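Reviewing the structure listed below.
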Amino acid sequence: MSSQVLLIEDEPNIIEAITFILSRDGWQVRSHSGGHDAMDVVRARQPELIILDVMLPGRSGFDLLADIRSDAGLAHIPVLMLTARGQRKDREMAEKAGASMFMTKPFSNADMLEAVRALAGRA
Amino acid sequence: MATFSILVMVCVAYVVLLFSVAFAADRAARRGRGAWLRSPLVYTLSLSIYCTAWTFYGAVGFAARSGLEYVTIYLGPTLVMIGWWWTLRKMVRVGRSQRITSVADMISSRYGKSNTLAVCVTVLAVIGATPYIALQLQSVTLSFAAFSPSGPSLQARSEQSIAIYVALGLTLFTILFGTRNLDANERHHGVVIAIALEAVVKLFALLAVGVFVVWGLEGGIAQTLARIDASPIAEFTVAPSRWTALTLLSAAAFLCLPRMFQVMVVENEDESHLRTAAWAFPLYLMLISLFVVPIAAVGLNLMPAGTNPDLFVLKLPLLAGQDGLAILSFLGGFSSATSMVIVAAIALSTMVSNHIVMPIWLRATGGAAMMSGDVRQVALLARRLSIGAVVFLGYLYFRMSGGGTALAAIGLIAFAGVAQFLPALMGGLVWRGATRTGALAGLGVGFAFWLYCLLLPSFGAGVIVPVRVMEAGLFGQSWLRPYAMFWTGGMDPLVHAVMWSMLLNCAAFCAVSVFTFPRPVERLQGAQFVNVFDHSQRPGSWTGGLGQSEDLLIMSQRILGAAEAQEVFARAARRQGLSGYLPEPSPEFLDYLERRLSGSVGAATAHAMVSQIVGRATVSVEDLLAVADETAQIMEYSNRLEAKSTEQARTARQLRVVNEKLTQLSVQKDGFLSQVSHELRTPMTSIRAFSEILLSGSLTPDELQEYAAIIHAESLRLTRLLDDLLDLSVLESGQVVLNVQTATLAQVMDRAISSAVGSAPGQLDIRRDAAAEAITLQTDVDRLAQVFINLIANARKYCDADHPVLEIRIERDKAWLTVDFVDNGRGIPIEDEALIFEKFSRLGETRAPGAGLGLAICREIMHRLGGSVAYLPGQRGAAFRVRLPLAPLEPGGGNDLVTNGGLRSVR
């Protein structure tokens, strides 16, 4: 139960890829692709780890992250941020917003696994 | 012979009378009564302080020694008064409008409120006035001595005590009536009325003595004339040069003497009084000089040889046993002396306290005391102490010089000293080019020559100036001899000194003014002074608005007193339409306040005090323009400034526009690159992830099939994106080559629909108007089809109705074909309508629907085809309108690129 990962991402193929990689490693992956209602999902699921895309339909990943960090019940959850815009500015913004880790697309599957394990404290 | 004690009693009684008259006048003025106090007659009489004891006693002595020369002393002022329209009127108007407190204040104010200049003028005025005050004390002492039982030479001790009593009495009177109000610009009614009374007394006394001499001693006019012809006076001839020099000198002194400035300008009640004084004062001078020659001639005849001719006015009645007349004559002389000392002390003390003591005190306390201490008391104290100091200086000089004949010559020397103010004073009133540096240079040069050629040698060769220097010149240079500068020997020393000092003073003043540039404040003040008749009020030179009204009020209370300051502020607030005590510190108010304060502490100090609170006074271009309409010089100056600033403003504006454009472009470019990066990385993420999954092996055949298909689809997406980017870049750069073909609209539409819907027909119900489509077009058919494909594909992708319907409506008029694509979905939110044609049409970090380059490419294509594509609002669903000109398209491009044939196969 506590090995649940919540993936917030809007590209179906990327959702499928990450889900496959993590499932194979024994993680339970739930995905969500909308920005507006993502917070409700986070509250409902109380995941162990969140993988969050920066660019979502309806709401920015940075805004979501800020909400998560300001919610006492959620602030402790590690957040891995994904972005497809490999600019330094994005990395800075992510750090400022309180991201636990930051990855640029495209990533290698091994890196993804390693990052998730590290954030969940299972390295 | 009248006893000494009677004389003293009469004298004391007269002084008491003066005090009570002054007191009564002050009280009447305070209660708003006594309009007669402000009459032109009183003004004219107050001008008579020009006639001091030196003129009262000395004129006769002058006549007895050098004949008609004494007339010049009256001639100069007469000329000035008759010509009042040209100079005096202006001086008085400026003095009143600028609330000038003294001649130093006037000069300082004109040259940009320079305190340096004020200090110079003050110091020089004190140097010039001290011997003069000593002269008055001497005359009173001598006249007492004339009555003394022990003969002409009074005992030294009593002589000194008389001088010191007189000095103390005068100081007391001056402090009492001269410093009642701090505002030096307010009228000292008590002082003025006492002076006027003294003026009447001295005129009456001299006339009485004259009448007695002509009809009592000589027995008639004819006998008197005969006596004059017989006397040595008839034999004196006056050198024309000396005559001219003395006339000019007395005219200059009349304008420049601090005490004359005090009664003429500062105490002036009404400019129109000048009109009366213009004839009445010369008349007064004529009357007072009427009997000078007869008295001198008779005195020379009757008096024993060696008698001081200065005392003929006293001695003749005494000789004839007319004690009463002698006492009257004594009172005349006493009046002349005291009135001069009183006014001189007021004028000089104002200068000393405003320009020397107050600035030093303000600086010493760092302006802090302005808020905490009581400036009012300090200023009054400074003025009172200055009065004491000025009179005491005179007494000291009298004691040091030991009286005697050395003093008699000092009158003209003092005149020559203050005359040095004339170029700066008059030049400042008529010449706008005059500058502060010029004024300083002129004053400096003039006074240096006055000191070296006149004042210092006057103490006698060897006293201050060594005999060697007198004979051989300074440093042995013969052209530097004090009485023969530049080898102009053989001249009268006075004429020589006046000529050189005034000449070089003027020359330095003009030359330096021409070669120096006035500061903005000087420019403004210069215009104010020179064109005082055109500007009734000064243009605002303060930039206020900083909300220091309260500080200003605190400061003003210290200077004007609490009640008056609050009244001033409350009145200003009411005028601004505000309630309470604090007006907005508008430039007008600050200006008014500064003038108000300058009446108390002088322009330079008031300016410094206000600017300490409000910050710097600035002179704007508008201020300059406001006064610029007078002279071409300023006009040109400000025009240049204005042109320059307009040009600068224009350049700055252009730069700003360009800069904004560049910034915008840069932001757009960053945004675009960032979007491209995102669009490329997204499919690559899937491709990489699934490639690695495939490589890792151990997959079912279904998984293998599925993941390979994803990789394939994402590769196609990537390719399409790159094609679009290239296409857009070609379209945007204008390098596109159009391939003009002929086809019907129906043919183009068929191709577009089959290409867009292709594999999934039936999902979207497309309604067409076959009849309207039968229209032949001559355009780049492939490009047009590309636009249609895009619009139909969008409808297919985004129309969210249960049964999606796309209606294609066609209309045409003479010149245009209009094709509308309207679906039955929710349409596009109104705030996104403007964005959908932008590249990747996304806002910030969030995605808008219809992301991509499709519509951006459509817009570029339609633009190239001479038409347009736009979102059509108000159709319930999403609706796009394509407009195309019916006229055949010119084969476009105009370069050598080979026509590439339009649509790419991958679409």
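Labels used: A, B, ... for chains in the order of the structure tokens, numbers from 1 for residues in each chain, and numbers from 1 for ligands as shown.
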
Exercise. Please, which residues of segment 186-353 of chain B, numbered as in this document, come out alpha helix (DSSP H) from DSSP, as number ranges by chain?
Worked result: B: 189-211, 221-230, 240-256, 258-261, 273-290, 292-302, 312-319, 323-352

File dump, residues just selected, C-alpha atoms, as a compact mmCIF listing (two decimals), in the first residue's frame:
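Result file follows (again_6.txt):
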# COMPACT_ATOMS: atom_id res chain seq x y z
CA HIS B 189 6.49 104.29 12.41
CA GLY B 190 7.93 105.55 15.69
CA VAL B 191 11.37 106.00 14.21
CA VAL B 192 10.11 107.57 11.03
CA ILE B 193 7.93 110.11 12.81
CA ALA B 194 10.73 111.04 15.19
CA ILE B 195 13.02 111.57 12.22
CA ALA B 196 10.42 113.67 10.50
CA LEU B 197 10.09 115.81 13.61
CA GLU B 198 13.86 116.20 13.79
CA ALA B 199 13.87 117.15 10.13
CA VAL B 200 11.46 119.98 10.87
CA VAL B 201 13.51 121.08 13.87
CA LYS B 202 16.79 121.24 12.00
CA LEU B 203 15.30 123.09 9.07
CA PHE B 204 13.56 125.52 11.36
CA ALA B 205 16.71 126.05 13.41
CA LEU B 206 18.90 126.73 10.40
CA LEU B 207 16.33 129.07 8.88
CA ALA B 208 15.96 130.88 12.18
CA VAL B 209 19.70 131.37 12.49
CA GLY B 210 19.82 132.52 8.87
CA VAL B 211 17.05 135.03 9.32
CA ILE B 221 19.51 141.40 2.15
CA ALA B 222 21.47 144.10 0.39
CA GLN B 223 23.96 144.49 3.21
CA THR B 224 24.34 140.73 3.41
CA LEU B 225 25.08 140.46 -0.31
CA ALA B 226 27.66 143.17 0.02
CA ARG B 227 29.21 141.35 2.93
CA ILE B 228 29.37 138.16 0.88
CA ASP B 229 31.06 139.99 -2.00
CA ALA B 230 33.58 141.34 0.40
CA PRO B 240 35.20 121.85 -12.76
CA SER B 241 36.60 118.37 -12.23
CA ARG B 242 36.09 118.55 -8.49
CA TRP B 243 32.63 120.06 -8.95
CA THR B 244 31.54 117.24 -11.22
CA ALA B 245 33.13 114.57 -9.10
CA LEU B 246 31.49 115.83 -5.93
CA THR B 247 28.07 116.12 -7.55
CA LEU B 248 28.29 112.58 -8.89
CA LEU B 249 29.63 111.33 -5.59
CA SER B 250 26.80 112.79 -3.55
CA ALA B 251 24.26 111.46 -6.05
CA ALA B 252 25.79 108.00 -5.82
CA ALA B 253 25.97 108.12 -2.04
CA PHE B 254 22.36 109.26 -1.85
CA LEU B 255 21.38 106.03 -3.60
CA CYS B 256 23.85 103.72 -1.91
CA PRO B 258 22.56 102.18 3.87
CA ARG B 259 20.62 104.73 5.90
CA MET B 260 19.28 106.43 2.78
CA PHE B 261 18.25 103.08 1.39
CA HIS B 273 5.17 109.14 -2.29
CA LEU B 274 8.16 109.45 -4.58
CA ARG B 275 6.11 111.74 -6.78
CA THR B 276 5.77 114.23 -3.92
CA ALA B 277 9.29 113.75 -2.66
CA ALA B 278 10.61 114.43 -6.17
CA TRP B 279 9.88 118.14 -5.73
CA ALA B 280 9.50 118.46 -1.96
CA PHE B 281 12.88 117.05 -1.04
CA PRO B 282 14.88 119.28 -3.42
CA LEU B 283 12.86 122.15 -1.98
CA TYR B 284 13.90 121.09 1.52
CA LEU B 285 17.53 120.94 0.44
CA MET B 286 17.26 124.34 -1.14
CA LEU B 287 15.82 125.86 2.04
CA ILE B 288 18.40 124.25 4.27
CA SER B 289 21.24 125.52 2.10
CA LEU B 290 19.68 128.96 1.59
CA VAL B 292 24.69 128.79 4.38
CA VAL B 293 26.70 131.40 2.49
CA PRO B 294 25.36 134.40 4.46
CA ILE B 295 26.11 132.68 7.77
CA ALA B 296 29.59 131.77 6.57
CA ALA B 297 30.33 135.26 5.28
CA VAL B 298 29.05 136.99 8.38
CA GLY B 299 30.80 134.49 10.60
CA LEU B 300 34.11 135.03 8.85
CA ASN B 301 33.65 138.73 9.36
CA LEU B 302 32.51 138.77 12.97
CA PHE B 312 29.42 129.47 13.19
CA VAL B 313 25.80 128.35 13.36
CA LEU B 314 26.10 128.10 17.13
CA LYS B 315 28.61 130.77 17.80
CA LEU B 316 26.94 133.65 16.00
CA PRO B 317 23.76 133.60 18.14
CA LEU B 318 25.87 133.10 21.25
CA LEU B 319 28.05 136.04 20.26
CA ASP B 323 20.82 132.19 23.98
CA GLY B 324 17.41 130.91 22.99
CA LEU B 325 18.32 130.94 19.32
CA ALA B 326 21.60 129.28 20.13
CA ILE B 327 19.81 126.49 21.96
CA LEU B 328 17.43 126.07 19.03
CA SER B 329 20.42 125.88 16.73
CA PHE B 330 22.00 123.36 19.04
CA LEU B 331 18.83 121.27 18.90
CA GLY B 332 18.96 121.42 15.10
CA GLY B 333 22.47 120.05 15.09
CA PHE B 334 21.55 117.51 17.74
CA SER B 335 18.61 116.38 15.63
CA SER B 336 20.76 116.02 12.55
CA ALA B 337 23.30 113.92 14.38
CA THR B 338 20.88 111.67 16.23
CA SER B 339 18.56 110.96 13.32
CA MET B 340 21.52 109.89 11.21
CA VAL B 341 22.90 107.59 13.89
CA ILE B 342 19.50 106.03 14.59
CA VAL B 343 18.72 105.17 10.98
CA ALA B 344 22.27 104.13 10.19
CA ALA B 345 22.25 101.84 13.20
CA ILE B 346 18.95 100.28 12.13
CA ALA B 347 20.13 99.78 8.57
CA LEU B 348 23.53 98.42 9.49
CA SER B 349 22.25 96.20 12.27
CA THR B 350 19.74 94.65 9.90
CA MET B 351 22.56 93.92 7.47
CA VAL B 352 24.92 92.62 10.09

For this session: Within 8 Å of chain A, which residues of chain B are there when counting only C-alpha atoms? Please give them as a ChimeraX atom specification.
Result: /B:674-675,677-679,681-682,684-686,688-690,692-693,710,845-848

Write the selection just made, keeping N, CA and C atoms, as a JSON list (two decimals), in the first residue's frame?
[["chain", "number", "residue", "atom", "x", "y", "z"],
["B", 674, "SER", "N", 11.62, 27.61, -26.31],
["B", 674, "SER", "CA", 11.22, 26.76, -25.21],
["B", 674, "SER", "C", 10.09, 25.83, -25.63],
["B", 675, "GLN", "N", 9.15, 26.37, -26.43],
["B", 675, "GLN", "CA", 8.04, 25.55, -26.91],
["B", 675, "GLN", "C", 8.54, 24.47, -27.88],
["B", 677, "SER", "N", 11.45, 23.17, -27.95],
["B", 677, "SER", "CA", 12.12, 22.18, -27.14],
["B", 677, "SER", "C", 11.10, 21.20, -26.54],
["B", 678, "HIS", "N", 10.04, 21.75, -26.00],
["B", 678, "HIS", "CA", 9.01, 20.92, -25.39],
["B", 678, "HIS", "C", 8.38, 19.99, -26.41],
["B", 679, "GLU", "N", 8.04, 20.53, -27.56],
["B", 679, "GLU", "CA", 7.35, 19.74, -28.59],
["B", 679, "GLU", "C", 8.25, 18.62, -29.12],
["B", 681, "ARG", "N", 10.87, 17.24, -27.35],
["B", 681, "ARG", "CA", 11.26, 16.32, -26.28],
["B", 681, "ARG", "C", 10.11, 15.37, -25.89],
["B", 682, "THR", "N", 8.89, 15.85, -26.04],
["B", 682, "THR", "CA", 7.78, 14.99, -25.62],
["B", 682, "THR", "C", 7.71, 13.68, -26.41],
["B", 684, "MET", "N", 10.10, 12.38, -28.10],
["B", 684, "MET", "CA", 11.36, 11.68, -27.90],
["B", 684, "MET", "C", 11.38, 10.93, -26.58],
["B", 685, "THR", "N", 10.66, 11.45, -25.59],
["B", 685, "THR", "CA", 10.59, 10.77, -24.30],
["B", 685, "THR", "C", 9.96, 9.38, -24.45],
["B", 686, "SER", "N", 8.83, 9.38, -25.17],
["B", 686, "SER", "CA", 8.16, 8.09, -25.39],
["B", 686, "SER", "C", 9.05, 7.16, -26.19],
["B", 688, "ARG", "N", 12.30, 7.07, -26.50],
["B", 688, "ARG", "CA", 13.45, 6.57, -25.73],
["B", 688, "ARG", "C", 13.01, 5.52, -24.70],
["B", 689, "ALA", "N", 11.93, 5.89, -23.98],
["B", 689, "ALA", "CA", 11.48, 4.98, -22.92],
["B", 689, "ALA", "C", 11.10, 3.62, -23.49],
["B", 690, "PHE", "N", 10.34, 3.62, -24.57],
["B", 690, "PHE", "CA", 9.90, 2.34, -25.12],
["B", 690, "PHE", "C", 11.03, 1.60, -25.83],
["B", 692, "GLU", "N", 14.06, 1.55, -24.77],
["B", 692, "GLU", "CA", 14.79, 0.88, -23.70],
["B", 692, "GLU", "C", 14.01, -0.32, -23.17],
["B", 693, "ILE", "N", 12.68, -0.15, -23.17],
["B", 693, "ILE", "CA", 11.85, -1.28, -22.74],
["B", 693, "ILE", "C", 12.03, -2.46, -23.71],
["B", 710, "ILE", "N", 3.87, 2.44, -30.87],
["B", 710, "ILE", "CA", 3.97, 3.74, -30.21],
["B", 710, "ILE", "C", 5.21, 4.48, -30.70],
["B", 845, "GLU", "N", 2.50, 28.26, -18.40],
["B", 845, "GLU", "CA", 2.89, 26.88, -18.14],
["B", 845, "GLU", "C", 1.75, 25.90, -18.44],
["B", 846, "THR", "N", 0.64, 26.44, -18.87],
["B", 846, "THR", "CA", -0.49, 25.53, -19.09],
["B", 846, "THR", "C", -0.78, 25.42, -20.58],
["B", 847, "ARG", "N", -1.46, 24.36, -20.94],
["B", 847, "ARG", "CA", -1.76, 24.11, -22.34],
["B", 847, "ARG", "C", -3.13, 24.64, -22.71],
["B", 848, "ALA", "N", -3.17, 25.24, -23.85],
["B", 848, "ALA", "CA", -4.47, 25.62, -24.40],
["B", 848, "ALA", "C", -4.84, 24.53, -25.41]]

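Residue-level DSSP output for chain A, from the backbone, shows strand (DSSP E) at Gln4, Val5, Leu6, Leu7, Ile8, Gln28, Val29, Arg30, Ser31, His32, Leu49, Ile50, Ile51, Leu52, Asp53, Leu56, Pro57, Val79, Leu80, Met81, Leu82, Thr83, Met101, Phe102, Met103 and Thr104 of chain A.
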
For the selection you just gave me, I'd like the residues written to a file as a PDB file, in the first residue's frame, keeping N, CA and C atoms.
ATOM      1  N   GLN A   4       2.837   3.283  -3.208  1.00  0.00           N
ATOM      2  CA  GLN A   4       2.067   3.879  -4.288  1.00  0.00           C
ATOM      3  C   GLN A   4       2.727   5.144  -4.834  1.00  0.00           C
ATOM      4  N   VAL A   5       2.788   5.199  -6.180  1.00  0.00           N
ATOM      5  CA  VAL A   5       3.322   6.377  -6.861  1.00  0.00           C
ATOM      6  C   VAL A   5       2.179   7.029  -7.637  1.00  0.00           C
ATOM      7  N   LEU A   6       2.045   8.380  -7.486  1.00  0.00           N
ATOM      8  CA  LEU A   6       1.028   9.084  -8.281  1.00  0.00           C
ATOM      9  C   LEU A   6       1.727   9.836  -9.402  1.00  0.00           C
ATOM     10  N   LEU A   7       1.341   9.510 -10.632  1.00  0.00           N
ATOM     11  CA  LEU A   7       1.960  10.136 -11.798  1.00  0.00           C
ATOM     12  C   LEU A   7       0.976  11.147 -12.379  1.00  0.00           C
ATOM     13  N   ILE A   8       1.361  12.413 -12.373  1.00  0.00           N
ATOM     14  CA  ILE A   8       0.496  13.448 -12.949  1.00  0.00           C
ATOM     15  C   ILE A   8       1.144  13.915 -14.249  1.00  0.00           C
ATOM     16  N   GLN A  28       3.213   0.498  -7.247  1.00  0.00           N
ATOM     17  CA  GLN A  28       1.837   0.636  -7.675  1.00  0.00           C
ATOM     18  C   GLN A  28       1.678   2.052  -8.222  1.00  0.00           C
ATOM     19  N   VAL A  29       1.384   2.142  -9.524  1.00  0.00           N
ATOM     20  CA  VAL A  29       1.351   3.470 -10.166  1.00  0.00           C
ATOM     21  C   VAL A  29      -0.077   3.875 -10.498  1.00  0.00           C
ATOM     22  N   ARG A  30      -0.459   5.045 -10.020  1.00  0.00           N
ATOM     23  CA  ARG A  30      -1.739   5.643 -10.405  1.00  0.00           C
ATOM     24  C   ARG A  30      -1.424   6.869 -11.243  1.00  0.00           C
ATOM     25  N   SER A  31      -2.214   7.098 -12.284  1.00  0.00           N
ATOM     26  CA  SER A  31      -1.917   8.282 -13.095  1.00  0.00           C
ATOM     27  C   SER A  31      -3.129   9.203 -13.158  1.00  0.00           C
ATOM     28  N   HIS A  32      -2.804  10.450 -13.390  1.00  0.00           N
ATOM     29  CA  HIS A  32      -3.855  11.454 -13.529  1.00  0.00           C
ATOM     30  C   HIS A  32      -3.367  12.462 -14.556  1.00  0.00           C
ATOM     31  N   LEU A  49       4.822   8.917  -3.192  1.00  0.00           N
ATOM     32  CA  LEU A  49       5.694   9.707  -4.063  1.00  0.00           C
ATOM     33  C   LEU A  49       4.853  10.270  -5.201  1.00  0.00           C
ATOM     34  N   ILE A  50       5.207  11.498  -5.629  1.00  0.00           N
ATOM     35  CA  ILE A  50       4.476  12.089  -6.756  1.00  0.00           C
ATOM     36  C   ILE A  50       5.459  12.396  -7.882  1.00  0.00           C
ATOM     37  N   ILE A  51       5.105  11.965  -9.095  1.00  0.00           N
ATOM     38  CA  ILE A  51       5.866  12.376 -10.281  1.00  0.00           C
ATOM     39  C   ILE A  51       4.999  13.389 -11.003  1.00  0.00           C
ATOM     40  N   LEU A  52       5.547  14.600 -11.179  1.00  0.00           N
ATOM     41  CA  LEU A  52       4.705  15.716 -11.632  1.00  0.00           C
ATOM     42  C   LEU A  52       5.289  16.360 -12.873  1.00  0.00           C
ATOM     43  N   ASP A  53       4.487  16.434 -13.911  1.00  0.00           N
ATOM     44  CA  ASP A  53       4.913  17.128 -15.135  1.00  0.00           C
ATOM     45  C   ASP A  53       4.700  18.630 -14.950  1.00  0.00           C
ATOM     46  N   LEU A  56       0.869  21.061 -17.739  1.00  0.00           N
ATOM     47  CA  LEU A  56      -0.353  20.273 -17.694  1.00  0.00           C
ATOM     48  C   LEU A  56      -1.493  21.087 -18.275  1.00  0.00           C
ATOM     49  N   PRO A  57      -2.487  20.410 -18.822  1.00  0.00           N
ATOM     50  CA  PRO A  57      -3.641  21.181 -19.284  1.00  0.00           C
ATOM     51  C   PRO A  57      -4.379  21.763 -18.081  1.00  0.00           C
ATOM     52  N   VAL A  79       8.467  14.916  -4.257  1.00  0.00           N
ATOM     53  CA  VAL A  79       7.924  15.197  -5.587  1.00  0.00           C
ATOM     54  C   VAL A  79       9.057  15.180  -6.603  1.00  0.00           C
ATOM     55  N   LEU A  80       8.924  14.350  -7.625  1.00  0.00           N
ATOM     56  CA  LEU A  80       9.884  14.325  -8.740  1.00  0.00           C
ATOM     57  C   LEU A  80       9.276  15.111  -9.883  1.00  0.00           C
ATOM     58  N   MET A  81       9.946  16.183 -10.287  1.00  0.00           N
ATOM     59  CA  MET A  81       9.379  17.006 -11.340  1.00  0.00           C
ATOM     60  C   MET A  81       9.952  16.622 -12.686  1.00  0.00           C
ATOM     61  N   LEU A  82       9.069  16.612 -13.685  1.00  0.00           N
ATOM     62  CA  LEU A  82       9.485  16.313 -15.055  1.00  0.00           C
ATOM     63  C   LEU A  82       9.225  17.532 -15.913  1.00  0.00           C
ATOM     64  N   THR A  83      10.184  17.863 -16.761  1.00  0.00           N
ATOM     65  CA  THR A  83       9.880  18.933 -17.704  1.00  0.00           C
ATOM     66  C   THR A  83      10.470  18.584 -19.050  1.00  0.00           C
ATOM     67  N   MET A 101      13.217  16.479  -6.542  1.00  0.00           N
ATOM     68  CA  MET A 101      14.147  16.138  -7.601  1.00  0.00           C
ATOM     69  C   MET A 101      13.583  16.645  -8.907  1.00  0.00           C
ATOM     70  N   PHE A 102      14.439  16.784  -9.893  1.00  0.00           N
ATOM     71  CA  PHE A 102      14.040  17.395 -11.145  1.00  0.00           C
ATOM     72  C   PHE A 102      14.641  16.584 -12.289  1.00  0.00           C
ATOM     73  N   MET A 103      13.812  16.186 -13.261  1.00  0.00           N
ATOM     74  CA  MET A 103      14.339  15.418 -14.399  1.00  0.00           C
ATOM     75  C   MET A 103      13.884  16.025 -15.701  1.00  0.00           C
ATOM     76  N   THR A 104      14.777  16.013 -16.664  1.00  0.00           N
ATOM     77  CA  THR A 104      14.444  16.560 -17.969  1.00  0.00           C
ATOM     78  C   THR A 104      14.091  15.418 -18.911  1.00  0.00           C
TER      79      THR A 104
END

Problem set entry | Pairwise distance for atom CA of Leu784 of chain B and atom CA of Thr719 of chain B, rounded to one decimal in Å | 21.9 Å

Exercise. Do you know which residues are at most 12 Å from Asp813 of chain B counting only C-alpha atoms, after dropping those on the same chain fewer than 5 positions away, and could you put them as a count of residues only?
Worked result: 8

For this session: Record the distance separating atom CA of Arg717 of chain B and atom CA of Ser691 of chain B, expressed in Å with one decimal.
Result: 16.2 Å

Problem set entry | Separation of atom CA of Val869 of chain B from atom CA of Pro888 of chain B, in Å and rounded to one decimal | 18.4 Å

For this session: Excluding Met39 of chain A and residues on its chain fewer than 2 positions from it, collect all residues at most 8 Å away from it, counting only C-alpha atoms, and give them as a VMD selection string.
Result: chain A and resid 36 to 37 41 to 43 64 67 to 68

Next, dump the selected residues to file, keeping only N, CA and C atoms, as an mmCIF file, in the first residue's frame.
data_model
loop_
_atom_site.group_PDB
_atom_site.id
_atom_site.type_symbol
_atom_site.label_atom_id
_atom_site.label_comp_id
_atom_site.auth_asym_id
_atom_site.auth_seq_id
_atom_site.Cartn_x
_atom_site.Cartn_y
_atom_site.Cartn_z
ATOM 1 N N HIS A 36 -6.466 20.813 -13.269
ATOM 2 C CA HIS A 36 -7.418 21.472 -12.367
ATOM 3 C C HIS A 36 -7.728 20.659 -11.130
ATOM 4 N N ASP A 37 -7.980 19.348 -11.344
ATOM 5 C CA ASP A 37 -8.444 18.528 -10.228
ATOM 6 C C ASP A 37 -7.339 17.683 -9.614
ATOM 7 N N VAL A 41 -7.058 14.670 -6.278
ATOM 8 C CA VAL A 41 -6.546 13.309 -6.431
ATOM 9 C C VAL A 41 -5.422 13.067 -5.449
ATOM 10 N N VAL A 42 -4.527 14.052 -5.310
ATOM 11 C CA VAL A 42 -3.401 13.901 -4.385
ATOM 12 C C VAL A 42 -3.920 13.682 -2.982
ATOM 13 N N ARG A 43 -4.901 14.515 -2.557
ATOM 14 C CA ARG A 43 -5.459 14.386 -1.200
ATOM 15 C C ARG A 43 -6.111 13.014 -1.010
ATOM 16 N N LEU A 64 0.782 23.534 -8.741
ATOM 17 C CA LEU A 64 0.384 22.344 -8.000
ATOM 18 C C LEU A 64 1.376 22.042 -6.881
ATOM 19 N N ASP A 67 0.981 24.231 -3.972
ATOM 20 C CA ASP A 67 -0.174 23.842 -3.164
ATOM 21 C C ASP A 67 0.161 22.638 -2.280
ATOM 22 N N ILE A 68 0.868 21.684 -2.876
ATOM 23 C CA ILE A 68 1.229 20.481 -2.115
ATOM 24 C C ILE A 68 2.118 20.857 -0.936
#

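The smallest atom-to-atom distance between Pro520 of chain B and any of B:Arg99, B:Lys113, B:Arg38, B:Lys661, using only C-alpha atoms, is found for B:Lys113.
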